[in-house]
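File shown here: data25.txt, holding compact mmCIF, C-alpha atoms.
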# COMPACT_ATOMS: atom_id res chain seq x y z
CA MET V 1 -35.98 -14.20 -38.32
CA SER V 2 -33.09 -16.13 -39.84
CA GLU V 3 -32.73 -16.20 -43.60
CA ARG V 4 -35.48 -18.20 -45.28
CA THR V 5 -34.24 -20.47 -48.06
CA VAL V 6 -36.74 -22.37 -50.17
CA LEU V 7 -35.74 -25.23 -52.46
CA ILE V 8 -38.25 -25.59 -55.29
CA ALA V 9 -38.12 -28.98 -57.03
CA GLY V 10 -39.69 -28.99 -60.47
CA ALA V 11 -38.79 -25.31 -60.83
CA SER V 12 -39.33 -25.23 -64.61
CA GLY V 13 -42.88 -26.62 -64.28
CA VAL V 14 -46.17 -24.80 -64.21
CA ILE V 15 -46.28 -24.47 -60.40
CA GLY V 16 -42.52 -24.27 -59.95
CA GLN V 17 -42.00 -21.24 -62.18
CA SER V 18 -44.63 -19.19 -60.40
CA ALA V 19 -43.21 -20.27 -57.04
CA VAL V 20 -39.69 -19.17 -58.03
CA GLN V 21 -40.99 -15.73 -58.98
CA ARG V 22 -43.19 -15.30 -55.90
CA PHE V 23 -40.68 -16.46 -53.29
CA ALA V 24 -37.87 -14.41 -54.84
CA ALA V 25 -40.07 -11.31 -54.95
CA ALA V 26 -40.89 -11.81 -51.27
CA GLY V 27 -37.18 -11.70 -50.38
CA TRP V 28 -36.51 -15.40 -49.91
CA ARG V 29 -33.34 -17.08 -51.07
CA VAL V 30 -34.49 -19.47 -53.82
CA ILE V 31 -32.79 -22.69 -54.96
CA ALA V 32 -34.45 -23.89 -58.17
CA VAL V 33 -34.02 -27.60 -58.88
CA SER V 34 -34.90 -28.73 -62.42
CA ARG V 35 -33.17 -30.01 -65.52
CA ARG V 36 -34.13 -26.83 -67.41
CA ALA V 37 -33.75 -23.41 -65.83
CA PRO V 38 -37.12 -21.85 -64.97
CA ASP V 39 -38.27 -19.34 -67.59
CA VAL V 40 -38.79 -16.35 -65.30
CA SER V 41 -38.13 -12.62 -65.44
CA ALA V 42 -34.47 -11.80 -66.03
CA ASP V 43 -34.28 -9.79 -62.80
CA THR V 44 -35.51 -12.69 -60.63
CA PRO V 45 -32.73 -13.74 -58.22
CA PHE V 46 -32.38 -17.50 -57.78
CA GLN V 47 -29.78 -20.25 -57.79
CA HIS V 48 -30.37 -22.98 -60.35
CA LEU V 49 -29.30 -26.56 -59.60
CA PRO V 50 -29.68 -28.54 -62.85
CA LEU V 51 -30.49 -31.89 -61.27
CA ASP V 52 -32.10 -34.94 -62.82
CA LEU V 53 -33.98 -36.40 -59.86
CA LEU V 54 -33.61 -39.89 -61.29
CA ASP V 55 -29.84 -39.60 -60.79
CA SER V 56 -29.42 -40.55 -57.15
CA ALA V 57 -25.65 -40.04 -57.22
CA ARG V 58 -25.99 -36.46 -58.50
CA CYS V 59 -28.62 -35.71 -55.87
CA ARG V 60 -26.33 -36.98 -53.10
CA ALA V 61 -23.41 -35.01 -54.53
CA ALA V 62 -25.54 -31.84 -54.43
CA ALA V 63 -26.26 -32.23 -50.71
CA GLY V 64 -23.67 -29.58 -49.90
CA GLU V 65 -26.06 -27.04 -51.41
CA PHE V 66 -28.92 -28.13 -49.15
CA GLY V 67 -27.56 -27.21 -45.73
CA GLY V 68 -29.29 -23.84 -45.45
CA VAL V 69 -32.66 -24.96 -46.80
CA THR V 70 -35.52 -24.08 -44.44
CA HIS V 71 -38.47 -24.81 -46.74
CA VAL V 72 -39.14 -27.20 -49.63
CA VAL V 73 -41.72 -26.92 -52.39
CA TYR V 74 -41.78 -30.31 -54.10
CA ALA V 75 -43.50 -29.81 -57.46
CA ALA V 76 -41.45 -32.24 -59.57
CA LEU V 77 -43.40 -34.70 -61.72
CA TYR V 78 -42.74 -37.55 -64.10
CA GLU V 79 -45.34 -38.36 -66.75
CA LYS V 80 -45.15 -40.83 -69.60
CA PRO V 81 -45.62 -39.89 -73.27
CA GLY V 82 -49.31 -39.73 -74.03
CA LEU V 83 -50.00 -38.87 -70.38
CA TYR V 84 -53.26 -40.55 -69.41
CA ALA V 85 -52.34 -44.23 -69.75
CA GLY V 86 -49.33 -43.76 -67.48
CA TRP V 87 -51.56 -42.75 -64.58
CA PHE V 88 -52.49 -46.42 -64.13
CA GLU V 89 -49.02 -47.96 -64.57
CA GLN V 90 -46.97 -49.02 -61.56
CA ASP V 91 -43.61 -48.04 -63.04
CA GLN V 92 -44.81 -44.46 -63.46
CA MET V 93 -45.81 -44.42 -59.79
CA ASP V 94 -42.51 -45.97 -58.71
CA THR V 95 -40.55 -43.43 -60.76
CA ASN V 96 -42.25 -40.51 -59.02
CA LEU V 97 -41.46 -42.03 -55.62
CA THR V 98 -37.84 -42.63 -56.63
CA MET V 99 -37.44 -39.00 -57.69
CA MET V 100 -38.73 -37.78 -54.34
CA ARG V 101 -36.52 -40.18 -52.38
CA ASN V 102 -33.43 -39.26 -54.37
CA LEU V 103 -33.85 -35.60 -53.48
CA MET V 104 -35.43 -35.65 -50.06
CA GLU V 105 -33.25 -38.23 -48.33
CA PRO V 106 -29.97 -36.28 -48.75
CA LEU V 107 -31.82 -33.00 -48.24
CA ILE V 108 -33.40 -34.04 -44.92
CA ALA V 109 -30.01 -35.23 -43.71
CA ALA V 110 -28.24 -32.01 -44.72
CA ALA V 111 -30.90 -29.36 -43.96
CA THR V 112 -30.79 -29.39 -40.16
CA GLY V 113 -32.87 -26.20 -40.05
CA LEU V 114 -35.67 -27.53 -42.26
CA ARG V 115 -39.03 -26.16 -41.12
CA HIS V 116 -41.64 -26.92 -43.75
CA VAL V 117 -42.33 -29.06 -46.84
CA SER V 118 -45.13 -28.56 -49.37
CA VAL V 119 -46.01 -31.37 -51.78
CA PHE V 120 -48.68 -31.73 -54.47
CA GLN V 121 -51.42 -34.20 -55.22
CA GLY V 122 -54.60 -33.31 -57.13
CA THR V 123 -58.12 -34.47 -57.81
CA LYS V 124 -56.81 -37.93 -58.72
CA ALA V 125 -56.48 -38.25 -54.94
CA TYR V 126 -60.28 -38.47 -54.91
CA GLY V 127 -60.32 -40.92 -57.84
CA ALA V 128 -61.50 -38.35 -60.40
CA HIS V 129 -59.71 -40.30 -63.17
CA VAL V 130 -61.45 -43.60 -62.31
CA HIS V 131 -64.95 -42.75 -61.08
CA GLN V 132 -67.40 -39.96 -60.31
CA ILE V 133 -66.27 -38.21 -57.14
CA ALA V 134 -68.41 -36.89 -54.32
CA LEU V 135 -69.43 -33.26 -54.87
CA PRO V 136 -67.70 -31.39 -53.51
CA ALA V 137 -64.69 -33.54 -52.66
CA ARG V 138 -63.40 -32.80 -49.16
CA GLU V 139 -60.00 -33.34 -47.61
CA ARG V 140 -61.45 -35.29 -44.68
CA SER V 141 -62.62 -38.11 -46.96
CA ALA V 142 -60.94 -41.48 -46.53
CA ARG V 143 -58.09 -42.25 -48.91
CA ASP V 144 -59.56 -43.40 -52.22
CA PRO V 145 -58.60 -47.09 -52.69
CA HIS V 146 -56.72 -46.95 -55.97
CA ALA V 147 -53.01 -47.14 -56.78
CA ASN V 148 -51.44 -43.70 -57.12
CA PHE V 149 -47.97 -42.22 -56.64
CA TYR V 150 -49.58 -39.62 -54.37
CA TRP V 151 -49.99 -42.25 -51.68
CA LEU V 152 -46.43 -43.52 -52.13
CA GLN V 153 -44.98 -40.04 -51.77
CA GLU V 154 -47.26 -39.10 -48.88
CA ASP V 155 -46.38 -42.25 -46.93
CA PHE V 156 -42.67 -41.64 -47.51
CA LEU V 157 -42.90 -38.05 -46.23
CA ARG V 158 -45.05 -38.92 -43.25
CA GLU V 159 -42.56 -41.59 -42.26
CA ARG V 160 -39.72 -39.05 -42.44
CA ARG V 161 -41.90 -36.46 -40.70
CA ALA V 162 -42.34 -38.64 -37.59
CA GLU V 163 -40.39 -37.11 -34.70
CA ALA V 164 -38.87 -34.46 -37.01
CA ASP V 165 -39.07 -30.71 -36.45
CA TRP V 166 -40.41 -29.83 -39.87
CA SER V 167 -44.09 -29.83 -40.85
CA LEU V 168 -45.83 -30.99 -44.00
CA THR V 169 -48.58 -29.44 -46.13
CA ILE V 170 -50.23 -31.46 -48.89
CA TRP V 171 -51.91 -29.50 -51.70
CA ARG V 172 -54.69 -30.75 -53.95
CA PRO V 173 -55.17 -28.17 -56.70
CA GLN V 174 -57.77 -28.43 -59.38
CA VAL V 175 -56.63 -27.99 -63.01
CA VAL V 176 -53.56 -25.71 -62.89
CA PHE V 177 -52.86 -22.98 -65.45
CA GLY V 178 -49.67 -20.95 -65.78
CA GLY V 179 -46.89 -19.78 -68.06
CA ALA V 180 -44.64 -22.85 -68.29
CA THR V 181 -44.02 -24.43 -71.68
CA GLY V 182 -42.89 -27.93 -72.61
CA VAL V 183 -44.51 -29.49 -69.55
CA ALA V 184 -46.92 -32.36 -68.99
CA MET V 185 -50.06 -30.53 -67.91
CA ASN V 186 -50.43 -26.85 -68.80
CA ILE V 187 -52.79 -26.20 -71.66
CA VAL V 188 -52.31 -22.41 -71.88
CA PRO V 189 -49.53 -22.83 -74.50
CA VAL V 190 -51.70 -25.41 -76.28
CA ILE V 191 -54.55 -22.92 -76.61
CA GLY V 192 -52.10 -20.18 -77.61
CA ALA V 193 -50.50 -22.25 -80.36
CA TYR V 194 -53.86 -23.53 -81.63
CA ALA V 195 -55.23 -19.97 -81.76
CA ALA V 196 -52.16 -18.69 -83.59
CA ILE V 197 -52.52 -21.38 -86.26
CA GLN V 198 -56.25 -20.75 -86.65
CA ARG V 199 -55.61 -17.02 -87.06
CA GLU V 200 -52.88 -17.79 -89.60
CA LEU V 201 -55.40 -19.89 -91.55
CA GLY V 202 -58.03 -17.14 -91.38
CA GLN V 203 -60.28 -19.22 -89.14
CA PRO V 204 -62.17 -18.37 -85.93
CA LEU V 205 -61.25 -19.93 -82.58
CA ILE V 206 -63.32 -23.10 -82.85
CA TYR V 207 -64.03 -24.83 -79.55
CA PRO V 208 -62.57 -28.34 -79.93
CA GLY V 209 -64.38 -30.02 -77.05
CA ARG V 210 -67.72 -31.31 -75.91
CA PRO V 211 -70.24 -29.36 -73.80
CA GLY V 212 -70.74 -29.89 -70.07
CA GLY V 213 -68.12 -30.86 -67.55
CA VAL V 214 -68.42 -28.33 -64.73
CA ALA V 215 -64.99 -27.89 -63.14
CA GLU V 216 -62.70 -25.50 -61.30
CA ALA V 217 -59.38 -23.98 -62.26
CA VAL V 218 -56.45 -22.73 -60.23
CA ASP V 219 -53.93 -20.08 -61.22
CA ALA V 220 -50.28 -21.06 -60.70
CA ASP V 221 -49.63 -17.61 -59.19
CA LEU V 222 -52.44 -18.20 -56.70
CA ILE V 223 -50.84 -21.49 -55.71
CA ALA V 224 -47.51 -19.71 -55.25
CA ASP V 225 -49.18 -17.22 -52.91
CA ALA V 226 -50.64 -20.12 -50.93
CA LEU V 227 -47.21 -21.74 -50.71
CA LEU V 228 -45.78 -18.53 -49.27
CA TRP V 229 -48.57 -18.39 -46.71
CA ALA V 230 -48.20 -22.05 -45.72
CA GLY V 231 -44.45 -21.72 -45.22
CA GLU V 232 -45.01 -19.63 -42.09
CA ALA V 233 -48.65 -20.32 -41.10
CA GLU V 234 -49.23 -22.43 -38.02
CA ALA V 235 -52.65 -23.38 -39.41
CA ALA V 236 -50.99 -25.08 -42.40
CA ARG V 237 -48.82 -27.44 -40.36
CA ASP V 238 -49.48 -31.09 -41.22
CA GLU V 239 -52.66 -30.31 -43.14
CA THR V 240 -54.09 -31.19 -46.55
CA PHE V 241 -55.80 -28.46 -48.57
CA ASN V 242 -57.81 -28.31 -51.76
CA ILE V 243 -57.14 -25.11 -53.69
CA THR V 244 -59.02 -23.46 -56.58
CA ASN V 245 -59.56 -19.99 -58.04
CA GLY V 246 -62.83 -19.73 -56.12
CA ASP V 247 -65.31 -19.97 -59.01
CA VAL V 248 -66.49 -22.71 -61.38
CA PHE V 249 -66.51 -22.91 -65.16
CA THR V 250 -67.24 -25.02 -68.21
CA TRP V 251 -64.95 -24.86 -71.20
CA ALA V 252 -67.74 -24.10 -73.64
CA ASP V 253 -69.11 -21.24 -71.57
CA THR V 254 -65.64 -19.79 -71.01
CA TRP V 255 -64.58 -20.14 -74.65
CA PRO V 256 -65.89 -16.70 -75.76
CA ALA V 257 -63.80 -15.00 -73.06
CA ILE V 258 -60.71 -16.96 -74.16
CA ALA V 259 -61.36 -15.94 -77.78
CA SER V 260 -61.81 -12.30 -76.72
CA ALA V 261 -58.46 -12.32 -74.90
CA LEU V 262 -56.89 -13.48 -78.17
CA ASN V 263 -58.85 -10.91 -80.24
CA MET V 264 -60.58 -13.70 -82.14
CA GLU V 265 -64.15 -14.76 -82.80
CA PRO V 266 -65.37 -17.89 -81.00
CA ALA V 267 -67.04 -20.69 -82.90
CA PHE V 268 -68.50 -24.09 -82.07
CA GLY V 269 -68.79 -27.35 -83.95
CA GLU V 270 -68.02 -31.03 -83.59
CA PRO V 271 -65.31 -32.14 -81.13
CA PHE V 272 -61.87 -32.84 -82.56
CA SER V 273 -58.46 -33.78 -81.19
CA LEU V 274 -55.93 -31.01 -80.65
CA VAL V 275 -53.24 -33.69 -80.57
CA ASP V 276 -54.08 -34.54 -84.18
CA TYR V 277 -54.71 -30.94 -85.24
CA LEU V 278 -51.40 -29.63 -83.93
CA ARG V 279 -49.45 -32.54 -85.38
CA GLN V 280 -50.96 -31.81 -88.79
CA HIS V 281 -50.16 -28.08 -88.60
CA GLU V 282 -46.55 -28.07 -87.35
CA GLY V 283 -45.41 -26.50 -90.61
CA VAL V 284 -47.85 -23.62 -90.23
CA TRP V 285 -46.51 -23.01 -86.72
CA ASP V 286 -42.89 -23.06 -87.89
CA ASP V 287 -43.65 -20.54 -90.65
CA LEU V 288 -45.43 -18.06 -88.39
CA VAL V 289 -42.70 -18.34 -85.72
CA ARG V 290 -40.08 -17.33 -88.30
CA ARG V 291 -42.16 -14.58 -89.85
CA GLN V 292 -43.31 -13.00 -86.59
CA GLY V 293 -39.99 -13.23 -84.79
CA LEU V 294 -41.20 -15.49 -82.01
CA ARG V 295 -38.98 -17.69 -79.88
CA ALA V 296 -37.63 -20.46 -82.07
CA THR V 297 -39.58 -23.18 -80.27
CA PRO V 298 -40.64 -26.27 -82.26
CA LEU V 299 -44.22 -27.22 -81.54
CA PRO V 300 -43.43 -30.52 -79.73
CA GLU V 301 -41.02 -28.64 -77.46
CA LEU V 302 -43.64 -26.00 -76.73
CA LEU V 303 -46.40 -28.48 -75.94
CA GLY V 304 -44.66 -31.22 -73.92
CA GLU V 305 -47.49 -33.65 -73.16
CA SER V 306 -50.03 -30.89 -72.55
CA HIS V 307 -51.92 -31.35 -75.82
CA HIS V 308 -52.86 -34.84 -74.58
CA TYR V 309 -54.08 -33.18 -71.38
CA ALA V 310 -56.13 -30.73 -73.48
CA ASP V 311 -57.94 -33.56 -75.26
CA LEU V 312 -58.71 -35.11 -71.88
CA LEU V 313 -60.03 -31.88 -70.36
CA PHE V 314 -62.10 -31.06 -73.42
CA GLY V 315 -63.69 -34.52 -73.32
CA VAL V 316 -62.69 -35.19 -76.91
CA ASN V 317 -62.26 -38.94 -76.54
CA ALA V 318 -65.24 -39.55 -74.27
CA PRO V 319 -68.26 -41.43 -75.69
CA ALA V 320 -70.57 -39.03 -77.48
CA ASP V 321 -73.61 -40.20 -75.51
CA ALA V 322 -71.91 -40.03 -72.09
CA ALA V 323 -72.59 -37.11 -69.77
CA ARG V 324 -69.43 -35.25 -68.74
CA ALA V 325 -69.03 -35.58 -64.98
CA ALA V 326 -68.62 -32.52 -62.81
CA VAL V 327 -65.37 -32.34 -60.82
CA LEU V 328 -65.69 -29.96 -57.88
CA VAL V 329 -63.76 -29.71 -54.62
CA SER V 330 -64.46 -27.77 -51.45
CA THR V 331 -62.00 -25.04 -50.45
CA ILE V 332 -63.72 -24.24 -47.15
CA LYS V 333 -60.91 -25.79 -45.12
CA LEU V 334 -58.24 -23.60 -46.71
CA ARG V 335 -60.28 -20.43 -46.26
CA GLN V 336 -61.05 -21.24 -42.64
CA ALA V 337 -57.32 -21.81 -42.05
CA GLY V 338 -56.61 -18.25 -43.19
CA PHE V 339 -55.87 -18.24 -46.93
CA GLY V 340 -58.73 -16.75 -48.94
CA GLU V 341 -57.21 -15.29 -52.11
CA CYS V 342 -59.10 -15.81 -55.37
CA ILE V 343 -59.08 -14.86 -59.04
CA ASP V 344 -61.71 -14.81 -61.77
CA THR V 345 -61.00 -17.75 -64.07
CA GLU V 346 -61.73 -15.82 -67.25
CA GLU V 347 -59.28 -13.10 -66.15
CA MET V 348 -56.74 -15.82 -65.39
CA PHE V 349 -56.87 -17.17 -68.95
CA ALA V 350 -56.40 -13.68 -70.36
CA LYS V 351 -53.46 -13.00 -68.05
CA TRP V 352 -51.50 -16.10 -69.02
CA LEU V 353 -52.18 -15.78 -72.75
CA TRP V 354 -51.02 -12.16 -72.65
CA ARG V 355 -47.89 -13.13 -70.73
CA LEU V 356 -47.00 -15.77 -73.29
CA ALA V 357 -47.37 -13.11 -76.00
CA GLU V 358 -45.18 -10.67 -74.02
CA ARG V 359 -42.46 -13.34 -73.88
CA LYS V 360 -42.85 -13.92 -77.64
CA VAL V 361 -43.84 -17.52 -77.07
CA ILE V 362 -47.05 -16.97 -79.06
CA PRO V 363 -48.02 -14.08 -81.37
CA ALA V 364 -49.57 -10.95 -79.88
CA ALA V 365 -53.35 -10.76 -80.36
Go ahead and render the structure in this file as structure tokens.
Amino acid sequence: MSERTVLIAGASGVIGQSAVQRFAAAGWRVIAVSRRAPDVSADTPFQHLPLDLLDSARCRAAAGEFGGVTHVVYAALYEKPGLYAGWFEQDQMDTNLTMMRNLMEPLIAAATGLRHVSVFQGTKAYGAHVHQIALPARERSARDPHANFYWLQEDFLRERRAEADWSLTIWRPQVVFGGATGVAMNIVPVIGAYAAIQRELGQPLIYPGRPGGVAEAVDADLIADALLWAGEAEAARDETFNITNGDVFTWADTWPAIASALNMEPAFGEPFSLVDYLRQHEGVWDDLVRRQGLRATPLPELLGESHHYADLLFGVNAPADAARAAVLVSTIKLRQAGFGECIDTEEMFAKWLWRLAERKVIPAA
């Protein structure tokens, strides 16, 4: 087989970083496209292209690097400050489409050997952010009639896919967890920073959210394994797949396992905002970073917009008398197609918290 070269857009993000590691470990040539270099093991071989996907001229100028690309993992994402409100705003949707166009148009023209493209959606594809979804949500459902950049990007790729030799796989992961910091939607560093501050204050790990809300998680490493599989699997060609860890969880029921991984005692009380809590305790974080020799990462830089995502997932701002809706998707289609890997969600949380401690992003438990 000729050399396989994967271009990973959004390589510093929660999915992108795991994908860089996994593809490189599997012997692929990896081109990582992101403004920041992905924070991966020092011995991981990859080429970093520091592109801003909103700069169309720079993307066109980089086309000379795209000629050998055989596979694309498009995991780049634009989110507005505060996160949630932007999901309903047309300019946020248009920006995400522009980013994809700026990269993919010169890439498709240059990469004459392109074979496969993976792109990401999520449970917003089923309208999970606007209404109760069918349980479980299935890929064969009709497109949910709400405005979303998913549909803009999908239509663009399907138009380019017509009569082309490459195939397309669309992924709809549940809530993704990984090791990336400073991103829009990865609450592992949020939990790690919150726990470190609570420990510094001599407090237990108090659950900040409301009860209920049955959901599913997905490990970024598991997604990376699925991307590797899809890159060569005939059964993945021009398909859409939900992907999860394989189990279900609620935050309250999983909280003791998260506390145990951090060597802390769990506790429960009234819901409160981690956005507010972390803003109020930036000084505590700065002090413990200096004293414990952690990476010199200011709290806003560590969190990105993910503390807003944490408040959303924990149901902090939901009406107190409102039941928290379950969000569950079926992964039967993906398993029947040939990818059946899974991971225990409680073990996943422990893994990523330990890895952040190993990298001195958060204190060791």
With only C-alpha atoms as the basis for distance, which of V:Ser330, V:Gln153, V:Ser118, V:Thr5 is at the shortest distance from Thr169 (chain V)?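 Looking only at the distances to Thr169 (chain V), the closest residue turns out to be V:Ser118.
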Worksheet entry | Spatial neighbours of Trp255 (chain V), 12 Å, all atoms listed in the file, chain gap at least 6 places, as a ChimeraX atom specification | /V:191,195,204-211,249,261-262,264-268,314,345-346,349-350
Pairwise distance for CA of Arg22 (chain V) and CA of Pro300 (chain V), rounded to one decimal in Å
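About the pair CA of Arg22 (chain V) and CA of Pro300 (chain V): they are 28.3 Å apart.
Atom to atom, CA of Arg140 (chain V) and CA of Gln174 (chain V) stand 16.6 Å apart.
Here the question is which of V:Ser167, V:Thr240, V:Asn245, V:Gln47 gets nearest to Ile223 (chain V) using only C-alpha atoms, and that residue is V:Asn245.
Using all atoms listed in the file, the smallest distance between any of V:Ser41, V:Asn96, V:Gln336, V:Asn102 and Arg60 (chain V) comes from V:Asn102.
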Mind pulling up the distance from CA of Val188 (chain V) to CA of Gly338 (chain V)?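 Taking CA of Gly338 (chain V) and CA of Val188 (chain V), their separation equals 29.3 Å.
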Neighbours of Asp287 (chain V) within 12 Å (only C-alpha atoms; same-chain residues fewer than 3 positions away dropped), as a PyMOL selection string?
-> chain V and resi 196-197+200-201+281-284+290-294+296-299
Handout entry: Residues near Ala235 (chain V), cut-off 9 Å, all atoms listed in the file, skip fewer than 3 positions along chain, as a VMD selection string
Key = chain V and resid 230 232 238 to 239 337 to 338
Residue with the minimum atom-to-atom distance to Trp171 (chain V), picked from V:Phe241, V:Phe23, V:Tyr277, V:Phe272 with only C-alpha atoms counted, is V:Phe241
Where atoms are lacking, region 188-196 of chain V completed to all heavy atoms, as a CSV table (one decimal), keeping the file's coordinate frame:
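Output file selection-v1.csv is given in full below:
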chain,number,residue,atom,x,y,z
V,188,VAL,N,-52.3,-23.8,-71.4
V,188,VAL,CA,-52.3,-22.4,-71.9
V,188,VAL,C,-51.5,-22.3,-73.2
V,188,VAL,O,-52.0,-21.7,-74.2
V,188,VAL,CB,-51.8,-21.4,-70.8
V,188,VAL,CG1,-51.7,-20.0,-71.4
V,188,VAL,CG2,-52.7,-21.5,-69.6
V,189,PRO,N,-50.3,-22.9,-73.2
V,189,PRO,CA,-49.5,-22.8,-74.5
V,189,PRO,C,-50.2,-23.6,-75.6
V,189,PRO,O,-50.1,-23.2,-76.8
V,189,PRO,CB,-48.2,-23.5,-74.2
V,189,PRO,CG,-48.0,-23.4,-72.7
V,189,PRO,CD,-49.4,-23.5,-72.2
V,190,VAL,N,-51.0,-24.6,-75.3
V,190,VAL,CA,-51.7,-25.4,-76.3
V,190,VAL,C,-52.8,-24.5,-76.9
V,190,VAL,O,-52.9,-24.4,-78.2
V,190,VAL,CB,-52.4,-26.6,-75.6
V,190,VAL,CG1,-53.1,-27.4,-76.7
V,190,VAL,CG2,-51.3,-27.5,-75.0
V,191,ILE,N,-53.5,-23.8,-76.1
V,191,ILE,CA,-54.6,-22.9,-76.6
V,191,ILE,C,-53.9,-21.8,-77.4
V,191,ILE,O,-54.4,-21.4,-78.5
V,191,ILE,CB,-55.4,-22.3,-75.5
V,191,ILE,CG1,-56.2,-23.5,-74.8
V,191,ILE,CG2,-56.3,-21.2,-76.0
V,191,ILE,CD1,-56.9,-23.0,-73.5
V,192,GLY,N,-52.8,-21.3,-76.9
V,192,GLY,CA,-52.1,-20.2,-77.6
V,192,GLY,C,-51.6,-20.6,-79.0
V,192,GLY,O,-51.8,-19.8,-80.0
V,193,ALA,N,-51.0,-21.8,-79.1
V,193,ALA,CA,-50.5,-22.2,-80.4
V,193,ALA,C,-51.6,-22.6,-81.3
V,193,ALA,O,-51.6,-22.2,-82.5
V,193,ALA,CB,-49.6,-23.5,-80.2
V,194,TYR,N,-52.7,-23.2,-80.8
V,194,TYR,CA,-53.9,-23.5,-81.6
V,194,TYR,C,-54.5,-22.3,-82.2
V,194,TYR,O,-54.8,-22.2,-83.4
V,194,TYR,CB,-54.9,-24.3,-80.8
V,194,TYR,CG,-56.2,-24.4,-81.4
V,194,TYR,CD1,-56.5,-24.9,-82.6
V,194,TYR,CD2,-57.3,-24.0,-80.6
V,194,TYR,CE1,-57.8,-25.0,-83.2
V,194,TYR,CE2,-58.6,-24.0,-81.2
V,194,TYR,CZ,-58.8,-24.5,-82.4
V,194,TYR,OH,-60.1,-24.6,-83.0
V,195,ALA,N,-54.6,-21.2,-81.3
V,195,ALA,CA,-55.2,-20.0,-81.8
V,195,ALA,C,-54.4,-19.3,-82.8
V,195,ALA,O,-54.9,-18.8,-83.8
V,195,ALA,CB,-55.4,-19.1,-80.6
V,196,ALA,N,-53.1,-19.3,-82.6
V,196,ALA,CA,-52.2,-18.7,-83.6
V,196,ALA,C,-52.3,-19.3,-85.0
V,196,ALA,O,-52.3,-18.7,-86.0
V,196,ALA,CB,-50.7,-18.8,-83.1
